[in-house]
Structure formats: C-alpha cells, structure tokens
$ cat input06.cif   # mmCIF, C-alpha atoms
data_data
loop_
_atom_site.label_atom_id
_atom_site.label_comp_id
_atom_site.auth_asym_id
_atom_site.auth_seq_id
_atom_site.Cartn_x
_atom_site.Cartn_y
_atom_site.Cartn_z
CA MET A 16 -2.46 24.73 -9.73
CA SER A 17 -2.38 28.25 -8.27
CA GLU A 18 0.51 30.69 -8.58
CA SER A 19 1.53 30.19 -4.93
CA HIS A 20 1.71 26.42 -5.48
CA SER A 21 3.86 27.00 -8.54
CA GLU A 22 6.24 29.35 -6.71
CA ALA A 23 6.57 26.93 -3.82
CA LEU A 24 7.26 24.04 -6.21
CA HIS A 25 9.93 25.94 -8.11
CA GLY A 26 11.50 26.94 -4.78
CA LEU A 27 11.58 23.27 -3.80
CA ALA A 28 13.07 22.32 -7.17
CA GLU A 29 15.83 24.90 -6.78
CA GLN A 30 16.61 23.62 -3.31
CA MET A 31 16.67 19.97 -4.37
CA LEU A 32 18.75 20.54 -7.46
CA ALA A 33 21.30 22.80 -5.76
CA GLY A 34 24.77 21.39 -6.31
CA THR A 35 23.73 18.98 -9.06
CA GLY A 36 24.30 21.46 -11.88
CA LEU A 37 20.72 20.84 -12.98
CA THR A 38 17.68 23.09 -13.19
CA ALA A 39 13.95 22.39 -13.47
CA ALA A 40 14.31 22.87 -17.24
CA ASP A 41 16.46 19.72 -17.42
CA VAL A 42 13.39 17.49 -17.03
CA THR A 43 13.08 17.59 -20.79
CA GLY A 44 16.81 17.76 -21.43
CA GLY A 45 18.08 15.57 -24.23
CA GLY A 46 21.25 13.54 -24.19
CA ASN A 47 21.86 10.26 -22.53
CA PRO A 48 22.49 10.82 -18.82
CA ALA A 49 24.22 8.12 -16.80
CA GLU A 50 22.06 5.41 -15.26
CA GLY A 51 21.39 6.24 -11.60
CA SER A 52 22.16 9.96 -12.01
CA ALA A 53 19.86 12.78 -10.89
CA ALA A 54 19.55 13.91 -14.52
CA GLN A 55 18.34 10.49 -15.61
CA ALA A 56 15.82 10.32 -12.74
CA LEU A 57 14.46 13.75 -13.71
CA GLN A 58 14.08 12.78 -17.35
CA GLU A 59 12.44 9.46 -16.55
CA GLY A 60 10.05 11.01 -14.03
CA TRP A 61 8.90 13.50 -16.66
CA GLU A 62 8.62 10.88 -19.40
CA ILE A 63 6.57 8.46 -17.27
CA ALA A 64 4.31 11.32 -16.12
CA ALA A 65 3.66 12.19 -19.76
CA ARG A 66 2.83 8.56 -20.41
CA ALA A 67 0.56 8.39 -17.33
CA ALA A 68 -1.35 11.45 -18.55
CA LYS A 69 -2.40 9.49 -21.64
CA ILE A 70 -4.06 6.72 -19.58
CA GLN A 71 -7.81 6.88 -20.00
CA GLY A 72 -9.57 8.37 -17.00
CA ALA A 73 -6.29 9.68 -15.54
CA MET B 8 18.29 6.55 -4.35
CA THR B 9 17.06 8.96 -6.96
CA VAL B 10 13.34 8.80 -6.24
CA GLU B 11 13.25 12.41 -4.96
CA PHE B 12 14.38 13.63 -8.40
CA TYR B 13 11.93 11.29 -10.15
CA ASP B 14 9.05 12.61 -8.02
CA LEU B 15 10.17 16.20 -8.52
CA ALA B 16 9.97 15.78 -12.29
CA GLN B 17 6.48 14.30 -11.95
CA ARG B 18 5.42 17.29 -9.83
CA LEU B 19 6.78 19.65 -12.47
CA TYR B 20 4.83 17.75 -15.14
CA ALA B 21 1.64 17.92 -13.05
CA GLU B 22 2.16 21.65 -12.62
CA THR B 23 2.58 22.13 -16.38
CA SER B 24 -0.44 19.97 -17.26
CA GLY B 25 -2.57 21.52 -14.51
CA LYS B 26 -3.84 18.21 -13.14
CA PRO B 27 -2.69 15.40 -10.86
CA VAL B 28 -0.53 12.72 -12.46
CA LEU B 29 -1.01 8.99 -11.91
CA LYS B 30 1.77 7.23 -10.03
CA VAL B 31 -0.13 3.91 -10.09
CA ALA B 32 -2.02 3.04 -13.28
CA GLY B 33 -4.29 0.37 -11.76
CA ALA B 34 -7.07 1.21 -9.32
CA LEU B 35 -6.30 0.42 -5.68
CA PHE B 36 -9.92 -0.07 -4.64
CA GLY B 37 -13.40 -0.34 -6.03
CA VAL B 38 -16.41 1.43 -4.55
CA SER B 39 -19.03 -1.11 -3.48
CA PRO B 40 -22.62 -0.25 -4.48
CA GLN B 41 -23.46 -0.68 -0.76
CA ALA B 42 -20.58 1.55 0.44
CA ILE B 43 -21.27 3.87 3.36
CA PHE B 44 -19.84 7.40 3.01
CA VAL B 45 -19.00 9.20 6.22
CA GLN B 46 -17.42 12.50 7.10
CA ALA B 47 -17.10 13.58 10.69
CA HIS B 48 -15.52 16.31 12.74
CA GLN B 49 -15.11 17.37 16.33
CA ASP B 50 -14.65 21.10 16.86
CA GLY B 51 -13.02 20.86 20.28
CA ALA B 52 -12.20 18.38 23.01
CA HIS B 53 -15.41 19.27 24.87
CA SER B 54 -17.80 19.44 21.93
CA ALA B 55 -19.75 16.41 20.69
CA PRO B 56 -18.47 14.93 17.42
CA VAL B 57 -20.75 15.37 14.42
CA ALA B 58 -20.92 12.92 11.53
CA THR B 59 -22.71 12.90 8.20
CA VAL B 60 -23.59 9.44 6.91
CA SER B 61 -24.85 8.54 3.46
CA THR B 62 -24.93 5.89 0.79
CA ALA B 63 -24.33 6.65 -2.90
CA GLY B 64 -27.55 8.25 -4.08
CA GLY B 65 -29.06 8.18 -0.57
CA SER B 66 -30.07 11.13 1.60
CA PRO B 67 -27.28 12.22 3.95
CA VAL B 68 -28.03 12.14 7.68
CA THR B 69 -26.09 14.44 10.00
CA ALA B 70 -26.12 13.36 13.64
CA LYS B 71 -24.30 13.39 17.00
CA GLY B 72 -23.51 10.67 19.54
CA VAL B 73 -25.53 7.48 19.44
CA ARG B 74 -27.59 8.78 16.49
CA VAL B 75 -24.46 8.45 14.34
CA LEU B 76 -24.51 4.71 15.06
CA ARG B 77 -28.23 4.55 14.27
CA ALA B 78 -27.55 6.32 10.96
CA LEU B 79 -24.72 3.86 10.22
CA ALA B 80 -27.01 0.92 11.03
CA ALA B 81 -29.71 2.32 8.73
CA ALA B 82 -27.07 2.75 5.98
CA GLY B 83 -26.09 -0.94 6.25
CA ALA B 84 -23.51 -1.21 9.06
CA GLN B 85 -24.67 -4.57 10.39
CA MET B 86 -22.98 -7.73 11.58
CA ASP B 87 -23.94 -10.68 9.38
CA PRO B 88 -21.82 -13.86 9.75
CA ALA B 89 -22.75 -14.92 6.21
CA GLY B 90 -22.74 -11.48 4.60
CA ASP B 91 -20.24 -9.46 2.64
CA ALA B 92 -17.83 -7.02 4.24
CA VAL B 93 -19.30 -3.55 4.82
CA GLN B 94 -17.22 -0.85 3.12
CA VAL B 95 -16.82 2.66 4.52
CA VAL B 96 -15.46 5.59 2.50
CA ILE B 97 -13.97 8.42 4.56
CA PRO B 98 -11.96 11.53 3.67
CA ASP B 99 -9.15 11.03 6.19
CA ALA B 100 -7.99 9.10 9.25
CA ALA B 101 -9.46 11.76 11.59
CA THR B 102 -12.96 10.67 10.55
CA LEU B 103 -12.31 7.09 11.61
CA ALA B 104 -10.91 8.31 14.94
CA VAL B 105 -14.12 10.26 15.56
CA LEU B 106 -16.27 7.26 14.62
CA ALA B 107 -14.18 5.00 16.86
CA GLY B 108 -14.71 7.36 19.81
CA ILE B 109 -18.48 7.30 19.33
CA ALA B 110 -18.53 3.52 18.80
CA ARG B 111 -16.50 2.86 21.97
CA SER B 112 -18.94 4.90 24.04
CA HIS B 113 -21.87 2.77 22.90
CA ALA B 114 -20.27 -0.66 22.50
CA THR B 115 -22.57 -2.19 25.14
CA HIS B 116 -25.72 -0.25 24.22
CA ASN B 117 -28.96 -2.15 24.80
CA ASP B 118 -30.15 -1.59 21.22
CA ASP B 119 -28.87 -4.47 19.04
CA ALA B 120 -28.61 -2.28 15.92
CA VAL B 121 -26.49 0.31 17.75
CA ARG B 122 -24.26 -2.39 19.24
CA ALA B 123 -23.84 -4.00 15.81
CA ALA B 124 -22.95 -0.66 14.18
CA SER B 125 -20.44 -0.09 16.99
CA ALA B 126 -18.89 -3.52 16.32
CA VAL B 127 -18.71 -2.75 12.58
CA VAL B 128 -16.79 0.45 13.41
CA GLY B 129 -14.50 -1.66 15.62
CA TRP B 130 -13.87 -3.98 12.70
CA TRP B 131 -13.17 -0.96 10.42
CA VAL B 132 -10.64 0.35 12.96
CA ASP B 133 -8.87 -3.01 12.84
CA ARG B 134 -8.97 -3.34 9.03
CA ALA B 135 -7.63 0.20 8.60
CA GLY B 136 -4.29 -1.26 9.72
CA TYR B 137 -4.13 -3.52 6.66
CA PRO B 138 -2.79 -1.77 3.54
CA GLY B 139 -4.88 -2.48 0.45
CA THR B 140 -8.04 -3.28 2.39
CA GLY B 141 -11.34 -2.64 0.64
CA ALA B 142 -13.16 -2.29 3.97
CA VAL B 143 -11.93 1.20 4.86
CA ILE B 144 -11.26 3.56 1.98
CA GLU B 145 -9.38 6.58 3.26
CA LEU B 146 -9.43 8.89 0.26
CA LEU B 147 -6.60 11.14 1.41
CA ALA B 148 -4.20 8.19 1.75
CA HIS B 149 -5.37 6.66 -1.54
CA SER B 150 -5.01 9.98 -3.37
CA ARG B 151 -1.42 10.35 -2.14
CA GLN B 152 -0.62 6.77 -3.05
CA ARG B 153 -2.05 6.89 -6.56
CA TYR B 154 -1.43 10.49 -7.65
CA ILE B 155 1.16 13.23 -7.46
CA THR B 156 0.39 16.91 -7.96
CA GLY B 157 2.16 20.08 -8.95
CA ALA B 158 2.33 21.26 -5.33
CA ILE B 159 4.93 20.77 -2.62
CA PRO B 160 4.47 17.52 -0.62
CA SER B 161 3.21 19.22 2.58
CA ARG B 162 0.14 20.56 0.74
CA GLU B 163 -0.87 17.04 -0.19
CA ARG B 164 -1.41 16.12 3.46
CA HIS B 165 -4.83 17.79 3.56
CA ALA B 166 -8.13 16.41 2.26
CA SER B 167 -9.24 19.90 1.19
CA PHE B 168 -6.24 20.13 -1.15
CA TRP B 169 -7.22 16.94 -2.97
CA ARG B 170 -10.88 17.90 -3.17
CA ALA B 171 -9.79 21.08 -4.94
CA ALA B 172 -7.35 19.18 -7.17
CA PHE B 173 -10.11 16.83 -8.33
CA GLY B 174 -12.75 19.57 -8.48
CA VAL B 175 -15.10 18.01 -5.93
CA GLY B 176 -16.92 19.90 -3.18
CA GLU B 177 -16.69 19.62 0.61
CA SER B 178 -20.14 18.00 0.87
CA ILE B 179 -20.85 14.27 1.13
CA ALA B 180 -21.68 14.34 -2.61
CA GLY B 181 -18.13 15.64 -3.08
CA LEU B 182 -16.87 12.64 -1.10
CA VAL B 183 -18.76 10.31 -3.45
CA GLY B 184 -17.31 12.14 -6.47
CA TRP B 185 -13.79 12.01 -5.00
CA ALA B 186 -14.05 8.23 -4.45
CA GLU B 187 -15.32 7.74 -8.00
CA ARG B 188 -12.50 9.87 -9.39
CA ILE B 189 -9.64 7.98 -7.75
CA SER B 190 -11.09 4.49 -8.20
CA ARG B 191 -11.21 4.74 -12.00
CA GLY B 192 -9.51 2.02 -13.99
CA GLU B 193 -9.04 -1.69 -13.61
CA MET B 194 -8.21 -2.79 -10.09
CA LEU B 195 -4.83 -4.43 -9.49
CA ALA B 196 -5.49 -8.19 -9.59
CA ALA B 197 -2.86 -8.79 -6.92
CA LEU B 198 -5.13 -7.16 -4.32
CA THR B 199 -7.68 -10.01 -4.51
CA THR B 200 -6.22 -11.91 -1.54
CA ILE B 201 -6.50 -8.85 0.70
CA ARG B 202 -10.15 -8.46 -0.35
CA GLU B 203 -10.81 -12.09 0.55
CA ASP B 204 -9.32 -11.36 3.97
CA ASP B 205 -11.81 -8.50 4.34
CA THR B 206 -14.70 -10.91 3.95
CA TYR B 207 -13.11 -13.56 6.18
CA THR B 208 -12.32 -11.15 9.02
CA TYR B 209 -15.74 -9.49 8.74
CA ARG B 210 -17.48 -12.84 9.13
CA MET B 211 -15.23 -13.78 12.07
CA ALA B 212 -16.00 -10.43 13.73
CA ALA B 213 -19.73 -11.01 13.09
CA GLN B 214 -19.49 -14.46 14.71
CA ARG B 215 -17.75 -12.99 17.75
CA PHE B 216 -20.43 -10.28 17.92
CA GLN B 217 -23.19 -12.88 17.85
CA LYS B 218 -21.54 -14.66 20.76
CA GLY B 219 -21.75 -11.41 22.73
CA TRP B 220 -18.09 -10.42 22.41
CA ASP B 221 -17.40 -6.74 23.18
CA TRP B 222 -14.95 -5.41 20.55
CA THR B 223 -13.52 -2.79 22.93
CA ARG B 224 -12.07 -5.53 25.16
CA PRO B 225 -8.51 -6.67 24.38
CA GLU B 226 -8.43 -9.53 21.92
CA PRO B 227 -7.52 -13.00 23.22
CA PRO B 228 -3.75 -13.55 22.68
CA PRO B 229 -4.12 -16.12 19.84
CA VAL B 230 -6.49 -13.79 17.94
CA ALA B 231 -4.06 -10.87 18.41
CA ALA B 232 -1.12 -13.05 17.30
CA MET B 233 -3.07 -14.18 14.23
CA GLY B 234 -3.82 -10.51 13.47
CA LEU B 235 -0.11 -9.65 13.59
CA ARG B 236 0.67 -12.50 11.22
CA MET B 237 -2.04 -11.35 8.80
CA ARG B 238 -0.76 -7.76 8.93
CA CYS B 239 2.72 -8.91 7.94
CA ASP B 240 1.30 -11.01 5.08
CA THR B 241 -0.87 -8.10 3.94
CA ALA B 242 2.05 -5.68 3.92
CA ASP B 243 3.98 -8.10 1.66
CA LEU B 244 0.97 -8.59 -0.64
CA TRP B 245 0.46 -4.82 -0.87
CA GLU B 246 4.10 -4.19 -1.85
CA ALA B 247 3.86 -6.93 -4.48
CA ALA B 248 0.57 -5.53 -5.81
CA LEU B 249 2.17 -2.11 -6.29
CA LEU B 250 5.15 -3.63 -8.08
CA SER B 251 2.76 -5.40 -10.46
CA ASP B 252 1.70 -1.96 -11.71
CA ARG B 253 3.32 -0.66 -14.89
CA LEU B 254 3.83 2.91 -13.67
CA TRP B 255 4.84 2.12 -10.10
CA ARG B 256 7.51 -0.29 -11.38
CA HIS B 257 9.31 2.60 -13.08
CA ARG B 258 9.33 4.56 -9.82
CA ALA B 259 10.58 1.46 -7.99
CA VAL B 260 13.77 1.52 -10.07
CA HIS B 261 14.58 4.78 -8.27
CA THR B 262 13.91 3.31 -4.82
CA GLY B 263 16.11 0.29 -5.53
CA HIS B 264 13.24 -2.24 -5.50
CA VAL B 265 13.55 -2.96 -9.23
CA THR B 266 16.97 -3.59 -10.75
CA GLY B 267 18.10 -4.17 -14.30
CA GLY B 268 21.36 -5.14 -15.93
CA THR B 269 23.08 -6.88 -18.80
CA VAL B 270 23.79 -10.59 -18.52
CA THR B 271 27.55 -11.02 -18.42
CA HIS B 272 27.82 -14.71 -17.67
CA ALA B 273 25.45 -17.68 -17.82
CA THR B 274 25.93 -21.35 -16.90
CA ARG B 275 23.45 -24.21 -16.52
CA ALA B 276 22.96 -23.29 -12.85
CA PHE B 277 23.37 -19.51 -12.66
CA PHE B 278 23.50 -16.30 -14.59
CA THR B 279 25.05 -13.00 -13.59
CA ILE B 280 23.90 -9.51 -14.48
CA SER B 281 25.93 -6.35 -14.25
CA ALA B 282 23.59 -3.61 -12.97
CA PRO B 283 24.76 -0.04 -13.55
CA ARG B 284 22.94 1.13 -10.40
CA LEU B 285 24.48 0.19 -7.06
CA ASP B 286 21.43 1.06 -4.98
CA SER B 287 19.55 -2.22 -5.38
CA ARG B 288 17.68 -3.52 -2.35
CA LEU B 289 18.00 -7.13 -3.50
CA ARG B 290 20.13 -9.07 -1.06
CA VAL B 291 21.73 -12.52 -1.15
CA GLY B 292 19.04 -15.13 -0.50
CA ALA B 293 16.17 -12.89 -1.62
CA ASP B 294 13.52 -14.55 -3.79
CA VAL B 295 13.20 -12.67 -7.05
CA ILE B 296 11.33 -12.70 -10.31
CA GLY B 297 13.06 -11.68 -13.50
CA TRP B 298 12.38 -11.29 -17.17
CA ILE B 299 14.25 -10.40 -20.33
CA GLY B 300 13.76 -6.75 -21.24
CA GLY B 301 13.08 -3.54 -19.37
CA CYS B 302 10.33 -2.54 -16.92
CA ASP B 303 7.74 -2.31 -19.69
CA SER B 304 8.35 -5.88 -20.90
CA TYR B 305 6.92 -7.40 -17.69
CA ASP B 306 3.37 -7.89 -19.01
CA ARG B 307 4.42 -9.71 -22.18
CA ALA B 308 7.61 -11.50 -21.11
CA THR B 309 8.04 -14.91 -19.52
CA VAL B 310 8.53 -14.14 -15.84
CA SER B 311 10.85 -16.57 -14.02
CA HIS B 312 11.33 -17.18 -10.31
CA GLY B 313 14.75 -17.56 -8.72
CA HIS B 314 16.88 -16.19 -5.90
CA VAL B 315 19.92 -13.98 -5.48
CA HIS B 316 22.88 -16.30 -5.07
CA ALA B 317 25.62 -13.65 -4.84
CA ALA B 318 25.98 -9.87 -4.97
CA HIS B 319 29.25 -7.98 -5.50
CA ALA B 320 30.16 -4.43 -6.42
CA VAL B 321 32.68 -4.59 -9.26
CA ASN B 322 34.14 -1.52 -11.00
CA GLY B 323 31.19 0.72 -10.13
CA ALA B 324 28.55 -1.84 -11.11
CA LEU B 325 26.55 -4.31 -9.07
CA ASN B 326 26.99 -7.92 -10.15
CA LEU B 327 24.02 -10.04 -9.13
CA THR B 328 24.16 -13.80 -9.62
CA ILE B 329 20.76 -15.42 -9.90
CA ALA B 330 20.10 -19.12 -9.32
CA GLY B 331 17.02 -21.31 -9.36
CA ILE B 332 15.68 -20.24 -12.75
CA PRO B 333 14.83 -23.17 -15.07
CA TYR B 334 17.46 -23.67 -17.75
CA ALA B 335 14.96 -23.16 -20.58
CA GLN B 336 14.15 -19.68 -19.25
CA ARG B 337 17.77 -18.69 -18.65
CA PRO B 338 18.77 -15.47 -20.47
CA ASN B 339 21.84 -15.32 -22.70
CA PRO B 340 24.91 -13.10 -22.29
CA GLY B 341 24.11 -9.66 -23.67
CA ASP B 342 20.38 -9.79 -22.76
CA TRP B 343 19.02 -7.02 -20.53
CA VAL B 344 17.27 -8.58 -17.53
CA THR B 345 15.03 -6.84 -15.00
CA LEU B 346 14.69 -8.21 -11.46
CA MET B 347 12.36 -7.41 -8.59
CA PRO B 348 11.29 -9.12 -5.33
CA ALA B 349 9.13 -12.21 -5.90
CA PRO B 350 5.52 -11.68 -4.84
CA PRO B 351 4.33 -13.88 -1.97
CA ASN B 352 2.95 -17.19 -3.15
CA GLU B 353 -0.73 -17.06 -2.20
CA ARG B 354 -0.91 -20.80 -1.55
CA THR B 355 2.15 -20.66 0.71
CA VAL B 356 0.68 -17.67 2.56
CA ARG B 357 -2.60 -19.55 3.13
CA MET B 358 -0.86 -22.76 4.22
CA GLY B 359 1.47 -20.85 6.54
CA ARG B 360 -1.45 -19.09 8.17
CA SER B 361 -3.42 -22.26 8.54
CA ARG B 362 -0.48 -23.98 10.26
CA TYR B 363 0.09 -20.95 12.50
CA ARG B 364 -3.62 -20.89 13.39
CA ARG B 365 -3.56 -24.59 14.34
CA LEU B 366 -0.51 -24.06 16.56
CA LEU B 367 -1.96 -20.96 18.21
CA PHE B 368 -5.34 -22.38 19.04
CA ARG B 369 -4.06 -25.76 20.25
CA GLY B 370 -4.68 -26.58 23.90
CA ASP B 371 -0.94 -26.71 24.70
CA SER B 372 -0.14 -23.39 23.01
CA TRP B 373 1.54 -21.18 25.61
CA ILE B 374 0.16 -18.09 23.83
CA ALA B 375 -3.40 -19.47 24.06
CA SER B 376 -3.00 -20.52 27.69
CA GLY B 377 -1.38 -17.21 28.66
CA LYS B 378 1.32 -19.05 30.64
CA THR B 379 4.98 -18.17 30.18
CA PRO B 380 6.81 -21.24 28.84
CA GLY B 381 9.24 -22.93 31.20
CA ILE B 382 13.01 -22.85 30.65
CA ARG B 383 14.29 -25.70 28.50
CA ARG B 384 17.92 -26.23 27.64
CA ARG B 385 18.91 -27.11 24.10
CA ASP B 386 21.80 -26.58 21.64
CA VAL B 387 21.97 -23.11 20.15
CA PRO B 388 23.22 -22.85 16.55
CA LEU B 389 26.61 -21.15 16.25
CA ASP B 390 25.32 -18.36 13.97
CA VAL B 391 22.67 -17.42 16.58
CA LEU B 392 25.42 -17.18 19.23
CA CYS B 393 27.56 -15.02 16.91
CA ALA B 394 24.61 -12.74 16.11
CA ALA B 395 23.85 -12.34 19.81
CA ALA B 396 27.51 -11.58 20.55
CA GLU B 397 27.58 -8.93 17.82
CA THR B 398 24.60 -7.09 19.28
CA GLU B 399 26.08 -7.10 22.80
#
$ encode --input "input06.cif" --output "structure tokens"
Amino acid sequence: MSESHSEALHGLAEQMLAGTGLTAADVTGGGNPAEGSAAQALQEGWEIAARAAKIQGA
Amino acid sequence: MTVEFYDLAQRLYAETSGKPVLKVAGALFGVSPQAIFVQAHQDGAHSAPVATVSTAGGSPVTAKGVRVLRALAAAGAQMDPAGDAVQVVIPDAATLAVLAGIARSHATHNDDAVRAASAVVGWWVDRAGYPGTGAVIELLAHSRQRYITGAIPSRERHASFWRAAFGVGESIAGLVGWAERISRGEMLAALTTIREDDTYTYRMAAQRFQKGWDWTRPEPPPVAAMGLRMRCDTADLWEAALLSDRLWRHRAVHTGHVTGGTVTHATRAFFTISAPRLDSRLRVGADVIGWIGGCDSYDRATVSHGHVHAAHAVNGALNLTIAGIPYAQRPNPGDWVTLMPAPPNERTVRMGRSRYRRLLFRGDSWIASGKTPGIRRRDVPLDVLCAAAETE
C-alpha cells in the first residue's frame, strides 16, 4: 500500500479510536480485554487476519 | 457492535503485510471454463457504449452497439433450454448497466443470435439481484466481500484500486487474472443451491425465449412473485453460506450474528447460556444451531438444531435459553456453547417454493388472474389487531 493510503488509514484509526483510550498499536496489545470491548475486537481482528494470511493462495 | 474495530485491525494488518487479507476463507464463486469476460464503458450520455468481450484464452473483441451482442453470441451467450447457465465475469455493476442498455435496444432484432444474446443479458440482469449467483460475477463486489485491504473503505469502491491491489492490469487479460485471483480456494458448499437455481432459471428463460417472449416486457405477475420468493430464499442461503465460513464466523461475533456463552443451567428440555456480549441478534423464537466450543470448533463438533426459548439481560450478561435440542446432544453446565442462526433447510425451501408455485399458477390465483380479490369477512386474531393498533 502507498504512503497516502497508510496516512489515510492511520487518520481513520485515530478518529475511530478517539475516546476509547486505545491507539493503533493496541492491535497487538497483550492482556485479557473484556469480551465485547473495543480492545478485544481490535486484538481479535488482528489475530484472525494473521491466521487468514497463512491460508494457501490468500 | 464492535465490527468497526475488528475491521480496523484487519486493515492495519493488511497495511503491515502489504497485501489484502481474506475475510472469507472459502471461495465465493468458481470461474467456468466457458465464462465470458466483458468490460464496457460509456464516455458520455451521447456517446455509444463500447464493450470488450472475450473468453479465457480467446481473442478479445472490442465493439459498439449491436456488434457487442454479436460478439457475446460468438463467445457463447446463447439460449439453450437444455444447456448450462452462461457465466459472465465483469469488473463492476456499471458494465452490466451498459450491456443492459445495448441489449434492450436490440431485444427484438431480426437476427436470432442477437436476440438470444440480448435475452441472455436480460437473464444476467435478473440474476445479478441474487447474492451468491454464479451467473454474474462482479469482481468489485466479490473483492470487497472476500478481502479487506490496508486502505480506507472509500478507496475500495473502485475497480482500479483492486486491480492494483492484486497486481493485475486494466486489460481484459487483467480481468481474467483478477477473477482467478479472487476465486482461489475451495468453494463454500452451502452455495450449491444457489448454483442450481442459476441453471433452473437459465433454462426457464431459454424456454420463454423459444416461445418468443421479449425479456424487456414486464414479467407476468406469478413469475414476478416467484422471483421475489426466490430472492428472499437466496438472501437467506447466502447469509448461511457466509456463516459456514471459518473466518467470516469470527467477524460475525462482532456483528451479533454469532453468540457464545457458558452453560449455567440445563434440564431435560432446555439449557441456558450466559453470554458476556449483550449485542446478540438472536431473538426469541429464532431457529439456531449450536455446538460445544468456540467459533473454531464448528467443523469438528456435533452441531445441534434448536430454537431460542427465552432471552433476558441479567447483571450485564445475556441469558439465552435454548430448547429443541435432543437430550443426548445437550451441553452440561460449565461448557462453552456457540450459537448462530440455523441455515435454511434446503428441502423445506424447495417444498415451500413448489407449494408457492402451485398456488401462484393455479387458475383461481388472484395474482395470476390479475384481479383484485373481493372483500371477505372473517375473524382476525387478537395479536394482529393489537399489532395494527400499535402502528396507528
């Protein structure tokens, strides 16, 4: 992805995470966030994406 | 719902890895060896639309007006009441709109091949309204359904963005490469019924064509009513097919379609789970399937059918009571159970359609006759009266 895509994505991330106390870096954050929380959704989204990347032909 | 955060994390992963990420592991379509690849554009309202037509490995033909239909006919767009559905692969919905415009203009052409190609386009236009169809493969829509990228969502609305993401060119060869790229993997088995409908509706359209029916004319009311019924069935089958996918199921937890919780109570007739998420879409009376374990256990667990008997929010958790599951398959207190909507039963869908078809095409059907039914007085159930009063 190009630099402009990256900037736009990080801008979107900042906007979406405003008020949650989270940042884009929290996608890989450890701990055990509460079920149904934004932090848990971020971590699971990242984890499943990593798993999807291993699927052959992905 | 937390799906926005889930998707955001997937976008961030795609950005880091530098390539699109699968949202659905299984393929959503297969490219037929006889598929017709088309890209078309119209530069302005007053200019003639131009289309390039090809088959995989064939020589592309670029044409305008009626020659587009001749090129489609030569590529295999014919009406055969005993044949297999003709598949078209297009980059976006705009291409189909251009083709439809050309086909409408020549629907009553005196050349049989042109008229047949026009009718095939008419059938494609209709099938495009059925999610999961294998007749019309719109690559932009399929790319957005199956993949997510490291860009903001608005960028993903353009075919050129996806071509660049998959490293395929703007030519028709690029279209072939794009289709190959996003159809990789084993196709979701749950889409089989929709594919059977493709063949059935294609043969019905071919029969109507042979009888001289002009596809641009409004459909007879019973045919239109049957189409509406099939669209509803197809939408349900499509949703169920997606939920049968191991990656999509994880996302569905964040949209409330898939719910999990610990069994707190079990009797011979019911069991109750306490779900930590309150945003479940499962309602009382909904048919569900459930299994012991998390999302990933679906493929190896015993999947049971039941229905939601009761739903209550208690101390920040959602208690769902499930009935109708055979006693032998009942989970025990302490087990983690995952629930999601039950897929439509294919046999029930077929029987329901067959009954509906019989009623619609009967001589005394008021839809078939086009006459408004007369007023008849009869008792109205109390709950219907209450519902009507509430909406007043």
$ interface_residues --input "input06.cif" --of "chain B" --to "chain A" --cutoff "8 Å" --atoms "all atoms listed in the file" --output "PyMOL selection string"
chain B and resi 8-10+12-22+25-26+28-30+32+157-159+172+191-192+254+257-258+261+283-284
$ atom_distance --input "input06.cif" --atom1 "CA of Val260 in chain B" --atom2 "CA of Val321 in chain B"
19.9 Å
$ atom_distance --input "input06.cif" --atom1 "CA of Gly323 in chain B" --atom2 "CA of Ala33 in chain A"
24.6 Å
$ closest_residue --input "input06.cif" --among "B:Arg134, B:Arg111, B:Arg164, B:His319" --to "Asp221 in chain B" --atoms "all atoms listed in the file"
B:Arg111
$ atom_distance --input "input06.cif" --atom1 "CA of Ser190 in chain B" --atom2 "CA of Gln152 in chain B"
11.9 Å
$ closest_residue --input "input06.cif" --among "B:Gly297, B:Gly263, B:Gly313, B:Pro351" --to "Thr200 in chain B" --atoms "only C-alpha atoms"
B:Pro351
$ build_atoms --input "input06.cif" --residues "range 357-368 of chain B" --atoms "N, CA and C atoms" --output "JSON list (two decimals), in the coordinates of the input"
[["chain", "number", "residue", "atom", "x", "y", "z"],
["B", 357, "ARG", "N", -1.42, -18.92, 2.52],
["B", 357, "ARG", "CA", -2.60, -19.55, 3.13],
["B", 357, "ARG", "C", -2.20, -20.75, 4.00],
["B", 358, "MET", "N", -1.28, -21.58, 3.47],
["B", 358, "MET", "CA", -0.86, -22.76, 4.22],
["B", 358, "MET", "C", -0.12, -22.36, 5.50],
["B", 359, "GLY", "N", 0.72, -21.34, 5.39],
["B", 359, "GLY", "CA", 1.47, -20.85, 6.54],
["B", 359, "GLY", "C", 0.53, -20.35, 7.63],
["B", 360, "ARG", "N", -0.49, -19.62, 7.21],
["B", 360, "ARG", "CA", -1.45, -19.09, 8.17],
["B", 360, "ARG", "C", -2.24, -20.20, 8.84],
["B", 361, "SER", "N", -2.61, -21.17, 8.01],
["B", 361, "SER", "CA", -3.42, -22.26, 8.54],
["B", 361, "SER", "C", -2.63, -23.05, 9.59],
["B", 362, "ARG", "N", -1.34, -23.26, 9.31],
["B", 362, "ARG", "CA", -0.48, -23.98, 10.26],
["B", 362, "ARG", "C", -0.32, -23.16, 11.54],
["B", 363, "TYR", "N", -0.11, -21.86, 11.37],
["B", 363, "TYR", "CA", 0.09, -20.95, 12.50],
["B", 363, "TYR", "C", -1.18, -20.92, 13.36],
["B", 364, "ARG", "N", -2.34, -20.92, 12.68],
["B", 364, "ARG", "CA", -3.62, -20.89, 13.39],
["B", 364, "ARG", "C", -3.79, -22.16, 14.24],
["B", 365, "ARG", "N", -3.44, -23.31, 13.61],
["B", 365, "ARG", "CA", -3.56, -24.59, 14.34],
["B", 365, "ARG", "C", -2.67, -24.58, 15.58],
["B", 366, "LEU", "N", -1.44, -24.08, 15.42],
["B", 366, "LEU", "CA", -0.51, -24.06, 16.56],
["B", 366, "LEU", "C", -1.01, -23.11, 17.65],
["B", 367, "LEU", "N", -1.53, -21.96, 17.23],
["B", 367, "LEU", "CA", -1.96, -20.96, 18.21],
["B", 367, "LEU", "C", -3.16, -21.41, 19.03],
["B", 368, "PHE", "N", -4.10, -22.06, 18.37],
["B", 368, "PHE", "CA", -5.34, -22.38, 19.04],
["B", 368, "PHE", "C", -5.33, -23.78, 19.68]]
